[in-house]
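> As input, take work.pdb (PDB, C-alpha atoms):
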```pdb
ATOM      1  CA  MET A 135       0.000   0.000   0.000
ATOM      2  CA  ALA A 136       2.577   2.533   1.083
ATOM      3  CA  TYR A 137       4.671   3.608  -1.887
ATOM      4  CA  ASP A 138       8.309   2.585  -1.732
ATOM      5  CA  TYR A 139      10.185   5.812  -2.395
ATOM      6  CA  ASP A 140      13.276   4.715  -0.480
ATOM      7  CA  LYS A 141      14.604   2.566  -3.300
ATOM      8  CA  SER A 142      14.804   5.683  -5.536
ATOM      9  CA  ILE A 143      16.512   7.946  -3.016
ATOM     10  CA  ARG A 144      20.215   7.986  -2.273
ATOM     11  CA  PRO A 145      20.768   6.472   1.179
ATOM     12  CA  GLY A 146      21.162   8.935   4.018
ATOM     13  CA  LYS A 147      19.982  11.967   2.013
ATOM     14  CA  LEU A 148      16.708  12.516   3.904
ATOM     15  CA  PRO A 149      15.535  14.760   5.492
ATOM     16  CA  HIS A 150      16.043  17.098   2.542
ATOM     17  CA  ILE A 151      16.983  20.780   2.788
ATOM     18  CA  TRP A 152      13.642  22.236   1.675
ATOM     19  CA  CYS A 153      11.629  24.295   4.149
ATOM     20  CA  PRO A 154       8.642  22.847   6.030
ATOM     21  CA  GLY A 155       5.731  22.673   3.599
ATOM     22  CA  CYS A 156       7.758  23.374   0.451
ATOM     23  CA  GLY A 157       6.048  21.778  -2.539
ATOM     24  CA  HIS A 158       9.279  20.632  -4.160
ATOM     25  CA  GLY A 159       9.149  17.473  -2.037
ATOM     26  CA  ILE A 160       5.691  16.691  -3.436
ATOM     27  CA  VAL A 161       7.029  17.165  -6.971
ATOM     28  CA  MET A 162      10.013  14.912  -6.218
ATOM     29  CA  LYS A 163       7.632  12.171  -5.072
ATOM     30  CA  GLY A 164       5.624  12.641  -8.264
ATOM     31  CA  LEU A 165       8.786  12.399 -10.360
ATOM     32  CA  ILE A 166       9.797   9.160  -8.602
ATOM     33  CA  ARG A 167       6.355   7.648  -9.252
ATOM     34  CA  ALA A 168       6.461   8.779 -12.894
ATOM     35  CA  MET A 169       9.920   7.249 -13.355
ATOM     36  CA  ASP A 170       8.612   3.975 -11.907
ATOM     37  CA  THR A 171       5.522   4.102 -14.160
ATOM     38  CA  CYS A 172       7.771   4.469 -17.210
ATOM     39  CA  GLU A 173      10.047   1.697 -15.840
ATOM     40  CA  LEU A 174      13.125   3.787 -16.424
ATOM     41  CA  ASP A 175      16.496   2.142 -15.967
ATOM     42  CA  ARG A 176      18.356   4.319 -13.487
ATOM     43  CA  LYS A 177      21.692   3.724 -15.188
ATOM     44  CA  ASN A 178      20.202   5.065 -18.389
ATOM     45  CA  THR A 179      18.371   8.078 -16.976
ATOM     46  CA  ALA A 180      20.015  11.477 -16.644
ATOM     47  CA  ILE A 181      18.458  14.046 -14.331
ATOM     48  CA  VAL A 182      19.915  17.480 -14.902
ATOM     49  CA  SER A 183      19.331  20.724 -13.029
ATOM     50  CA  GLY A 184      20.616  24.256 -12.719
ATOM     51  CA  ILE A 185      20.848  26.195  -9.470
ATOM     52  CA  GLY A 186      18.125  26.982  -6.987
ATOM     53  CA  CYS A 187      15.866  25.301  -4.473
ATOM     54  CA  ALA A 188      14.130  23.198  -7.127
ATOM     55  CA  SER A 189      17.467  22.334  -8.688
ATOM     56  CA  ARG A 190      18.552  20.536  -5.509
ATOM     57  CA  LEU A 191      16.166  17.765  -6.513
ATOM     58  CA  PRO A 192      18.541  15.534  -8.552
ATOM     59  CA  GLY A 193      20.939  15.322  -5.609
ATOM     60  CA  TYR A 194      18.474  13.139  -3.725
ATOM     61  CA  LEU A 195      17.630  10.763  -6.554
ATOM     62  CA  ASP A 196      19.425   7.533  -7.295
ATOM     63  CA  ALA A 197      20.060   7.983 -11.037
ATOM     64  CA  CYS A 198      22.673   9.629 -13.254
ATOM     65  CA  THR A 199      22.446  13.195 -12.045
ATOM     66  CA  LEU A 200      24.060  16.450 -13.026
ATOM     67  CA  HIS A 201      23.910  19.697 -11.024
ATOM     68  CA  THR A 202      25.088  22.462 -13.327
ATOM     69  CA  ALA A 203      25.463  26.229 -13.678
ATOM     70  CA  HIS A 204      22.592  28.624 -12.955
ATOM     71  CA  GLY A 205      19.937  28.458 -15.665
ATOM     72  CA  ARG A 206      22.002  26.104 -17.805
ATOM     73  CA  GLY A 207      20.120  22.921 -16.937
ATOM     74  CA  ALA A 208      18.476  22.798 -20.366
ATOM     75  CA  ALA A 209      21.804  23.435 -22.121
ATOM     76  CA  PHE A 210      23.630  20.645 -20.254
ATOM     77  CA  ALA A 211      20.649  18.314 -20.734
ATOM     78  CA  THR A 212      20.753  19.032 -24.483
ATOM     79  CA  GLY A 213      24.439  18.087 -24.445
ATOM     80  CA  VAL A 214      23.760  14.827 -22.599
ATOM     81  CA  LYS A 215      20.978  13.902 -25.015
ATOM     82  CA  MET A 216      23.097  14.727 -28.074
ATOM     83  CA  ALA A 217      26.026  12.662 -26.814
ATOM     84  CA  LYS A 218      23.874   9.739 -25.662
ATOM     85  CA  PRO A 219      20.549   9.771 -27.534
ATOM     86  CA  GLU A 220      19.570   6.432 -25.963
ATOM     87  CA  MET A 221      19.402   8.020 -22.506
ATOM     88  CA  THR A 222      16.191   9.369 -20.996
ATOM     89  CA  VAL A 223      16.902  12.963 -20.040
ATOM     90  CA  ILE A 224      14.915  14.791 -17.389
ATOM     91  CA  CYS A 225      15.679  18.394 -16.532
ATOM     92  CA  CYS A 226      14.486  20.022 -13.301
ATOM     93  CA  GLY A 227      14.493  23.643 -12.295
ATOM     94  CA  GLY A 228      12.614  26.524 -10.826
ATOM     95  CA  ASP A 229      10.958  29.527 -12.429
ATOM     96  CA  GLY A 230      13.903  31.877 -11.904
ATOM     97  CA  ASP A 231      16.397  29.293 -13.098
ATOM     98  CA  GLY A 232      14.342  28.288 -16.126
ATOM     99  CA  THR A 233      12.790  31.505 -17.368
ATOM    100  CA  ALA A 234      15.005  34.353 -16.182
ATOM    101  CA  ILE A 235      18.630  33.327 -15.882
ATOM    102  CA  GLY A 236      18.196  30.357 -18.201
ATOM    103  CA  GLY A 237      15.394  31.839 -20.302
ATOM    104  CA  ASN A 238      17.535  31.748 -23.412
ATOM    105  CA  HIS A 239      18.440  28.077 -22.982
ATOM    106  CA  PHE A 240      14.845  27.225 -22.124
ATOM    107  CA  ILE A 241      13.309  28.716 -25.279
ATOM    108  CA  HIS A 242      15.983  27.282 -27.554
ATOM    109  CA  ALA A 243      15.632  23.789 -26.099
ATOM    110  CA  CYS A 244      11.882  24.154 -26.790
ATOM    111  CA  ARG A 245      12.576  25.384 -30.324
ATOM    112  CA  ARG A 246      14.834  22.434 -31.174
ATOM    113  CA  ASN A 247      12.250  19.982 -29.868
ATOM    114  CA  ILE A 248      14.925  17.734 -28.400
ATOM    115  CA  ASP A 249      13.614  14.624 -26.625
ATOM    116  CA  MET A 250      13.723  15.783 -23.000
ATOM    117  CA  THR A 251      11.297  16.244 -20.128
ATOM    118  CA  TYR A 252      11.600  19.574 -18.332
ATOM    119  CA  VAL A 253       9.908  19.656 -14.928
ATOM    120  CA  LEU A 254       9.659  23.347 -14.120
ATOM    121  CA  MET A 255       8.680  24.058 -10.527
ATOM    122  CA  ASN A 256       7.136  27.504 -10.516
ATOM    123  CA  ASN A 257       7.020  28.824  -6.956
ATOM    124  CA  PHE A 258       6.688  32.483  -8.081
ATOM    125  CA  ILE A 259       9.937  33.635  -6.443
ATOM    126  CA  TYR A 260      13.692  33.133  -6.120
ATOM    127  CA  GLY A 261      13.549  31.125  -2.916
ATOM    128  CA  MET A 262      17.149  30.138  -2.254
ATOM    129  CA  THR A 263      18.700  33.590  -2.576
ATOM    130  CA  GLY A 264      16.251  35.324  -0.256
ATOM    131  CA  GLY A 265      13.015  36.024  -2.095
ATOM    132  CA  GLN A 266      13.887  38.320  -4.989
ATOM    133  CA  PHE A 267      11.125  38.678  -7.585
ATOM    134  CA  SER A 268      11.261  36.400 -10.603
ATOM    135  CA  PRO A 269       9.524  36.714 -13.998
ATOM    136  CA  CYS A 270       6.702  34.611 -12.528
ATOM    137  CA  THR A 271       6.070  36.708  -9.411
ATOM    138  CA  PRO A 272       2.490  37.999  -9.758
ATOM    139  CA  THR A 273       2.066  41.708 -10.481
ATOM    140  CA  GLY A 274       1.656  43.602  -7.232
ATOM    141  CA  ALA A 275       3.166  40.845  -5.073
ATOM    142  CA  ILE A 276       5.726  41.700  -2.421
ATOM    143  CA  ALA A 277       9.218  40.268  -2.784
ATOM    144  CA  SER A 278      12.416  41.263  -0.981
ATOM    145  CA  THR A 279      13.404  43.412  -3.992
ATOM    146  CA  THR A 280       9.886  44.764  -4.607
ATOM    147  CA  PRO A 281       8.806  45.988  -1.151
ATOM    148  CA  TYR A 282       6.129  48.252  -2.705
ATOM    149  CA  GLY A 283       4.690  45.577  -4.968
ATOM    150  CA  ASN A 284       5.983  44.049  -8.171
ATOM    151  CA  PRO A 285       5.346  46.390 -11.137
ATOM    152  CA  ASP A 286       6.270  43.767 -13.775
ATOM    153  CA  GLN A 287       3.951  41.642 -15.879
ATOM    154  CA  VAL A 288       4.099  37.894 -15.457
ATOM    155  CA  PHE A 289       5.476  35.196 -17.748
ATOM    156  CA  ASP A 290       2.982  32.463 -18.611
ATOM    157  CA  ILE A 291       5.529  29.618 -18.796
ATOM    158  CA  SER A 292       3.240  27.180 -20.576
ATOM    159  CA  LYS A 293       2.296  29.695 -23.276
ATOM    160  CA  LEU A 294       5.963  30.654 -23.607
ATOM    161  CA  ALA A 295       6.884  26.988 -24.109
ATOM    162  CA  ILE A 296       4.124  26.474 -26.693
ATOM    163  CA  GLY A 297       5.197  29.643 -28.494
ATOM    164  CA  ALA A 298       8.842  28.589 -28.450
ATOM    165  CA  GLY A 299       7.997  25.241 -30.040
ATOM    166  CA  ALA A 300       7.791  22.597 -27.291
ATOM    167  CA  THR A 301       5.607  19.704 -28.424
ATOM    168  CA  PHE A 302       4.143  18.596 -25.079
ATOM    169  CA  VAL A 303       3.128  21.239 -22.578
ATOM    170  CA  ALA A 304       1.234  20.492 -19.379
ATOM    171  CA  ARG A 305       0.561  22.323 -16.149
ATOM    172  CA  THR A 306      -0.446  21.158 -12.726
ATOM    173  CA  THR A 307       0.001  22.230  -9.115
ATOM    174  CA  ALA A 308       1.616  20.767  -6.019
ATOM    175  CA  ALA A 309      -1.888  20.405  -4.566
ATOM    176  CA  HIS A 310      -2.737  17.811  -7.261
ATOM    177  CA  PRO A 311      -0.170  15.077  -6.504
ATOM    178  CA  ARG A 312      -1.748  12.342  -8.624
ATOM    179  CA  GLU A 313      -1.785  14.614 -11.665
ATOM    180  CA  ILE A 314       1.928  15.400 -11.241
ATOM    181  CA  ASP A 315       3.097  11.837 -11.818
ATOM    182  CA  LYS A 316       0.525  11.228 -14.562
ATOM    183  CA  LEU A 317       1.687  14.281 -16.544
ATOM    184  CA  ILE A 318       5.408  13.684 -15.981
ATOM    185  CA  ALA A 319       4.967  10.074 -17.164
ATOM    186  CA  GLN A 320       3.160  11.336 -20.288
ATOM    187  CA  GLY A 321       5.997  13.808 -20.814
ATOM    188  CA  ILE A 322       8.663  11.105 -20.494
ATOM    189  CA  LYS A 323       6.825   8.904 -23.012
ATOM    190  CA  HIS A 324       6.396  11.803 -25.439
ATOM    191  CA  LYS A 325       9.111  11.999 -28.080
ATOM    192  CA  GLY A 326      10.193  15.617 -28.177
ATOM    193  CA  MET A 327      10.473  18.501 -25.732
ATOM    194  CA  SER A 328       7.980  18.109 -22.872
ATOM    195  CA  ILE A 329       7.425  20.932 -20.434
ATOM    196  CA  ILE A 330       5.637  20.099 -17.198
ATOM    197  CA  GLU A 331       5.002  23.283 -15.252
ATOM    198  CA  VAL A 332       4.177  22.560 -11.621
ATOM    199  CA  LEU A 333       2.815  25.511  -9.663
ATOM    200  CA  ASP A 334       4.355  25.253  -6.262
ATOM    201  CA  ASP A 335       4.252  26.927  -2.889
ATOM    202  CA  CYS A 336       7.099  28.779  -1.239
ATOM    203  CA  PRO A 337       5.863  29.522   2.289
ATOM    204  CA  THR A 338       9.172  30.970   3.488
ATOM    205  CA  THR A 339      10.016  33.698   1.005
ATOM    206  CA  TYR A 340       6.767  34.196  -0.929
ATOM    207  CA  GLY A 341       3.893  33.176   1.326
ATOM    208  CA  ARG A 342       4.768  35.057   4.474
ATOM    209  CA  ARG A 343       5.251  38.332   2.580
ATOM    210  CA  ASN A 344       2.006  37.957   0.633
ATOM    211  CA  LYS A 345      -0.680  37.411   3.226
ATOM    212  CA  PHE A 346      -0.607  33.635   3.167
ATOM    213  CA  ARG A 347      -0.658  32.878   6.860
ATOM    214  CA  SER A 348       0.549  29.318   6.425
ATOM    215  CA  VAL A 349       1.511  26.716   3.891
ATOM    216  CA  ILE A 350      -2.065  25.418   4.119
ATOM    217  CA  ASP A 351      -3.365  28.751   2.796
ATOM    218  CA  MET A 352      -1.006  28.459  -0.158
ATOM    219  CA  MET A 353      -2.032  24.896  -0.941
ATOM    220  CA  LYS A 354      -5.711  25.857  -0.727
ATOM    221  CA  HIS A 355      -5.039  28.872  -2.979
ATOM    222  CA  LEU A 356      -3.441  26.590  -5.590
ATOM    223  CA  LYS A 357      -6.332  24.163  -5.344
ATOM    224  CA  ALA A 358      -9.045  26.826  -5.506
ATOM    225  CA  ASN A 359      -7.561  28.707  -8.461
ATOM    226  CA  SER A 360      -6.782  25.827 -10.783
ATOM    227  CA  VAL A 361      -9.230  24.874 -13.496
ATOM    228  CA  SER A 362      -8.915  21.710 -15.562
ATOM    229  CA  VAL A 363      -8.586  22.280 -19.325
ATOM    230  CA  LYS A 364     -11.558  19.969 -19.752
ATOM    231  CA  ALA A 365     -13.780  22.149 -17.534
ATOM    232  CA  ALA A 366     -12.572  25.497 -18.916
ATOM    233  CA  PRO A 367     -14.632  25.601 -22.175
ATOM    234  CA  LYS A 368     -17.846  25.454 -20.125
ATOM    235  CA  MET A 369     -16.839  28.469 -18.041
ATOM    236  CA  THR A 370     -17.292  32.153 -18.802
ATOM    237  CA  ALA A 371     -14.405  34.573 -19.207
ATOM    238  CA  GLU A 372     -15.321  36.156 -15.867
ATOM    239  CA  GLN A 373     -15.171  32.823 -14.071
ATOM    240  CA  LEU A 374     -11.758  32.125 -15.610
ATOM    241  CA  GLU A 375     -10.343  35.488 -14.508
ATOM    242  CA  GLY A 376      -7.186  34.928 -12.457
ATOM    243  CA  LYS A 377      -7.401  31.131 -12.711
ATOM    244  CA  PHE A 378      -4.754  28.870 -14.180
ATOM    245  CA  LEU A 379      -5.521  25.976 -16.473
ATOM    246  CA  THR A 380      -4.212  22.541 -15.529
ATOM    247  CA  GLY A 381      -3.804  19.384 -17.561
ATOM    248  CA  VAL A 382      -2.297  18.775 -20.997
ATOM    249  CA  LEU A 383      -2.345  22.189 -22.665
ATOM    250  CA  PHE A 384      -0.653  21.310 -25.927
ATOM    251  CA  GLU A 385       0.532  18.190 -27.719
ATOM    252  CA  ASP A 386       2.041  17.802 -31.184
ATOM    253  CA  THR A 387       3.378  14.467 -32.372
ATOM    254  CA  GLU A 388       4.167  15.577 -35.936
ATOM    255  CA  LYS A 389       7.129  17.872 -35.406
ATOM    256  CA  PRO A 390      10.498  16.143 -36.002
ATOM    257  CA  GLU A 391      12.717  15.442 -33.000
ATOM    258  CA  TYR A 392      16.152  17.058 -32.908
ATOM    259  CA  CYS A 393      18.384  14.002 -32.307
ATOM    260  CA  GLU A 394      16.828  12.235 -35.297
ATOM    261  CA  GLN A 395      17.296  15.331 -37.442
ATOM    262  CA  TYR A 396      20.900  15.565 -36.366
ATOM    263  CA  ALA A 397      21.494  11.854 -37.090
ATOM    264  CA  ASN A 398      20.332  12.583 -40.650
ATOM    265  CA  VAL A 399      22.877  15.389 -40.882
ATOM    266  CA  ILE A 400      25.631  12.995 -39.740
ATOM    267  CA  LYS A 401      24.542  10.419 -42.341
ATOM    268  CA  LYS A 402      24.541  13.011 -45.129
ATOM    269  CA  ALA A 403      27.944  14.351 -44.112
ATOM    270  CA  GLN A 404      29.453  10.848 -43.981
ATOM    271  CA  SER A 405      28.103   9.865 -47.402
ATOM    272  CA  ALA A 406      29.232  13.101 -49.045
TER
ATOM    273  CA  MET B  64     -13.713   0.036   8.000
ATOM    274  CA  SER B  65     -10.670  -1.578   9.534
ATOM    275  CA  GLY B  66      -8.346   1.414   9.354
ATOM    276  CA  ALA B  67      -4.665   1.367   8.540
ATOM    277  CA  ARG B  68      -1.278   1.432  10.171
ATOM    278  CA  LEU B  69       0.247   4.876   9.799
ATOM    279  CA  GLU B  70       4.001   4.941   9.957
ATOM    280  CA  ILE B  71       5.442   8.336  10.842
ATOM    281  CA  ILE B  72       9.139   8.823  10.212
ATOM    282  CA  GLU B  73       9.897  11.413  12.874
ATOM    283  CA  ARG B  74      13.394  12.082  11.580
ATOM    284  CA  ASN B  75      11.908  13.404   8.318
ATOM    285  CA  CYS B  76       8.864  15.286   9.641
ATOM    286  CA  LYS B  77       9.263  19.070   9.674
ATOM    287  CA  GLY B  78       5.798  19.775  11.084
ATOM    288  CA  CYS B  79       4.289  21.603   8.105
ATOM    289  CA  SER B  80       0.857  20.107   8.998
ATOM    290  CA  ILE B  81      -0.244  19.622   5.349
ATOM    291  CA  CYS B  82      -1.210  16.006   6.127
ATOM    292  CA  VAL B  83      -3.297  17.037   9.149
ATOM    293  CA  GLU B  84      -5.151  19.662   7.127
ATOM    294  CA  PHE B  85      -5.888  17.524   4.065
ATOM    295  CA  CYS B  86      -6.885  14.343   5.936
ATOM    296  CA  PRO B  87     -10.633  13.972   5.240
ATOM    297  CA  LYS B  88     -11.224  11.804   8.316
ATOM    298  CA  ASP B  89      -9.300  13.788  10.926
ATOM    299  CA  VAL B  90      -6.991  10.862  11.693
ATOM    300  CA  LEU B  91      -3.883  12.953  12.247
ATOM    301  CA  GLU B  92      -3.002  15.593  14.785
ATOM    302  CA  MET B  93      -0.083  17.906  15.455
ATOM    303  CA  ASP B  94       1.981  17.376  18.588
ATOM    304  CA  VAL B  95       3.727  20.772  18.551
ATOM    305  CA  PHE B  96       6.199  20.203  15.672
ATOM    306  CA  LEU B  97       5.536  16.555  14.934
ATOM    307  CA  VAL B  98       2.577  14.791  13.393
ATOM    308  CA  THR B  99       0.905  11.984  15.320
ATOM    309  CA  ALA B 100      -1.836   9.537  14.326
ATOM    310  CA  PRO B 101      -4.146   9.152  17.319
ATOM    311  CA  ARG B 102      -7.091   7.699  15.329
ATOM    312  CA  PRO B 103      -5.695   5.187  12.797
ATOM    313  CA  GLU B 104      -8.907   3.145  12.959
ATOM    314  CA  ASP B 105     -10.731   5.981  11.117
ATOM    315  CA  CYS B 106      -8.306   5.933   8.155
ATOM    316  CA  ILE B 107      -9.960   5.237   4.781
ATOM    317  CA  LYS B 108      -6.603   4.906   2.954
ATOM    318  CA  CYS B 109      -7.225   7.800   0.587
ATOM    319  CA  MET B 110      -3.421   8.303   0.648
ATOM    320  CA  GLN B 111      -3.716  12.111   0.659
ATOM    321  CA  CYS B 112      -1.298  12.417   3.579
ATOM    322  CA  GLU B 113       1.302  10.208   1.940
ATOM    323  CA  LEU B 114       0.953  11.904  -1.459
ATOM    324  CA  LEU B 115       1.032  15.448  -0.072
ATOM    325  CA  CYS B 116       3.776  15.010   2.519
ATOM    326  CA  PRO B 117       6.747  16.900   1.052
ATOM    327  CA  ASP B 118       9.149  15.292   3.496
ATOM    328  CA  PHE B 119       8.637  11.544   2.936
ATOM    329  CA  ALA B 120       7.578  11.372   6.581
ATOM    330  CA  ILE B 121       4.301   9.441   6.499
ATOM    331  CA  LYS B 122       3.415   6.046   5.090
ATOM    332  CA  VAL B 123       0.012   4.371   4.993
ATOM    333  CA  HIS B 124       0.322   0.604   5.414
ATOM    334  CA  ASP B 125      -2.449  -1.832   4.635
ATOM    335  CA  GLU B 126      -3.202  -3.658   7.822
TER
END
```
Mind turning the file's structure into structure tokens?

Amino acid sequence: MAYDYDKSIRPGKLPHIWCPGCGHGIVMKGLIRAMDTCELDRKNTAIVSGIGCASRLPGYLDACTLHTAHGRGAAFATGVKMAKPEMTVICCGGDGDGTAIGGNHFIHACRRNIDMTYVLMNNFIYGMTGGQFSPCTPTGAIASTTPYGNPDQVFDISKLAIGAGATFVARTTAAHPREIDKLIAQGIKHKGMSIIEVLDDCPTTYGRRNKFRSVIDMMKHLKANSVSVKAAPKMTAEQLEGKFLTGVLFEDTEKPEYCEQYANVIKKAQSA
Amino acid sequence: MSGARLEIIERNCKGCSICVEFCPKDVLEMDVFLVTAPRPEDCIKCMQCELLCPDFAIKVHDE
């Protein structure tokens, strides 16, 4: 009955460093379940990350893991996949790591449609460095660098990924744990760039500055404001105001995958 | 309903109380900074506590 997570975690690594109530632990559990669903061979699975709270995730998992430079998770993961196309590559990161510091690498990995699964944990803030605002911090929210409210507009990561050319884009929240592993498993099985955006809670640097009295408030907020893509067409524009859609937002199985394209280039060059 | 055996790994629990809040049957309780399971016989094995625990600190065993 109880799920055996211990076999997937490096011995002696728990308890992890994340704060009490941080959703990254929920996402890590989802990732472990998804990897088991897809029956991934740990010796043939690379989990790559950049820098940040979310990027600490691969350090706990018993697989081939790579903890790289800030924002460069997608770039290193592309390298791993190009060198060893038979490997399953999973990239993890946060919103600041993926869309601000590594925004360039993120959009170009999407554009190439390389076979990779990017689990992007969007907790609306730079947690590790002390709560600076990120491109995903809601307009008007208080961060340590925006004490009078954030004047910036927000990145919609899923729309950005679709626009940049990713072929599987899904969104869920940390308050929907069963959906996390279902979507990550779909992403792993999908051939091409899969983006799984998981809306997460950061009680320490985001919640306490933004009138969330506890982690429970944040989890309830995520639950109350998410709308399934299947339910959305029946709702009015007013009802959808301020809500985020969850589920599979975009899927394209036609677009060619980058490693295959590149193998064709190698063939052509060798026969020339 | 026979209930379940709830294993709490105290070393991992950070006392965030997510499991207590999302338990539909009020099986769990906070003991200051640690979760306890005073009413395991009420458990319906919905697994919400195990799925939502970010710290790998609670396991629901079939018993």
> Could you tell me how far CA of Asn344 in chain A sits from CA of Val253 in chain A, in Å to one decimal place?
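So the answer is 25.3 Å.
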> How big is the axis-aligned box around the listed atoms of range 100-109 of chain B once 8 Å is added on each side, and where is its centre? Give both in Å to one decimal, as lines of an AutoDock Vina configuration file.

```
center_x = -6.3
center_y = 6.3
center_z = 9.0
size_x = 24.9
size_y = 22.4
size_z = 32.7
```
> Would you compute the distance between CA of Lys325 in chain A and CA of Val214 in chain A? Give it in Å to one decimal.
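About the pair CA of Lys325 in chain A and CA of Val214 in chain A: they are 15.9 Å apart.
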> Hey, what comes out of the PyMOL selection byres ((chain A and resi 137-152) around 8) on this file? Could you write it as a list of chain:residue names?
A:Met135, A:Ala136, A:Cys153, A:Pro154, A:Cys156, A:His158, A:Gly159, A:Lys163, A:Ile166, A:Cys187, A:Tyr194, A:Leu195, A:Asp196, A:Ala197, B:Arg74, B:Asn75, B:Cys76, B:Asp118, B:Phe119, B:Lys122
> Between B:Arg102, B:Lys88, B:Lys77, B:Lys108, which one has atoms that come closest to chain A, using all atoms listed in the file?
B:Lys77
> Written as an MDAnalysis selection string, what is the full residue list that the PyMOL selection byres ((chain B) within 12 of (chain A)) yields on the file shown?
chainID B and resid 67:85 96:97 108:126
> Leaving out Asn257 in chain A and any residue of its chain fewer than 5 positions from it, which residues lie within 7 Å of it when counting all atoms listed in the file, given as a list in words?
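Those residues are Asp229, Leu333, Asp334, Asp335 and Cys336 of chain A.
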> Name the residues that the PyMOL selection byres ((chain A and resi 275) around 12) pulls out of this structure, and write them as a CSV table (one decimal) with C-alpha atoms, in the frame of the given file.

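Result file expr.csv:
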```csv
chain,number,residue,atom,x,y,z
A,258,PHE,CA,6.7,32.5,-8.1
A,259,ILE,CA,9.9,33.6,-6.4
A,265,GLY,CA,13.0,36.0,-2.1
A,266,GLN,CA,13.9,38.3,-5.0
A,267,PHE,CA,11.1,38.7,-7.6
A,268,SER,CA,11.3,36.4,-10.6
A,269,PRO,CA,9.5,36.7,-14.0
A,270,CYS,CA,6.7,34.6,-12.5
A,271,THR,CA,6.1,36.7,-9.4
A,272,PRO,CA,2.5,38.0,-9.8
A,273,THR,CA,2.1,41.7,-10.5
A,274,GLY,CA,1.7,43.6,-7.2
A,276,ILE,CA,5.7,41.7,-2.4
A,277,ALA,CA,9.2,40.3,-2.8
A,278,SER,CA,12.4,41.3,-1.0
A,279,THR,CA,13.4,43.4,-4.0
A,280,THR,CA,9.9,44.8,-4.6
A,281,PRO,CA,8.8,46.0,-1.2
A,282,TYR,CA,6.1,48.3,-2.7
A,283,GLY,CA,4.7,45.6,-5.0
A,284,ASN,CA,6.0,44.0,-8.2
A,285,PRO,CA,5.3,46.4,-11.1
A,286,ASP,CA,6.3,43.8,-13.8
A,287,GLN,CA,4.0,41.6,-15.9
A,288,VAL,CA,4.1,37.9,-15.5
A,339,THR,CA,10.0,33.7,1.0
A,340,TYR,CA,6.8,34.2,-0.9
A,341,GLY,CA,3.9,33.2,1.3
A,342,ARG,CA,4.8,35.1,4.5
A,343,ARG,CA,5.3,38.3,2.6
A,344,ASN,CA,2.0,38.0,0.6
A,345,LYS,CA,-0.7,37.4,3.2
A,346,PHE,CA,-0.6,33.6,3.2
```
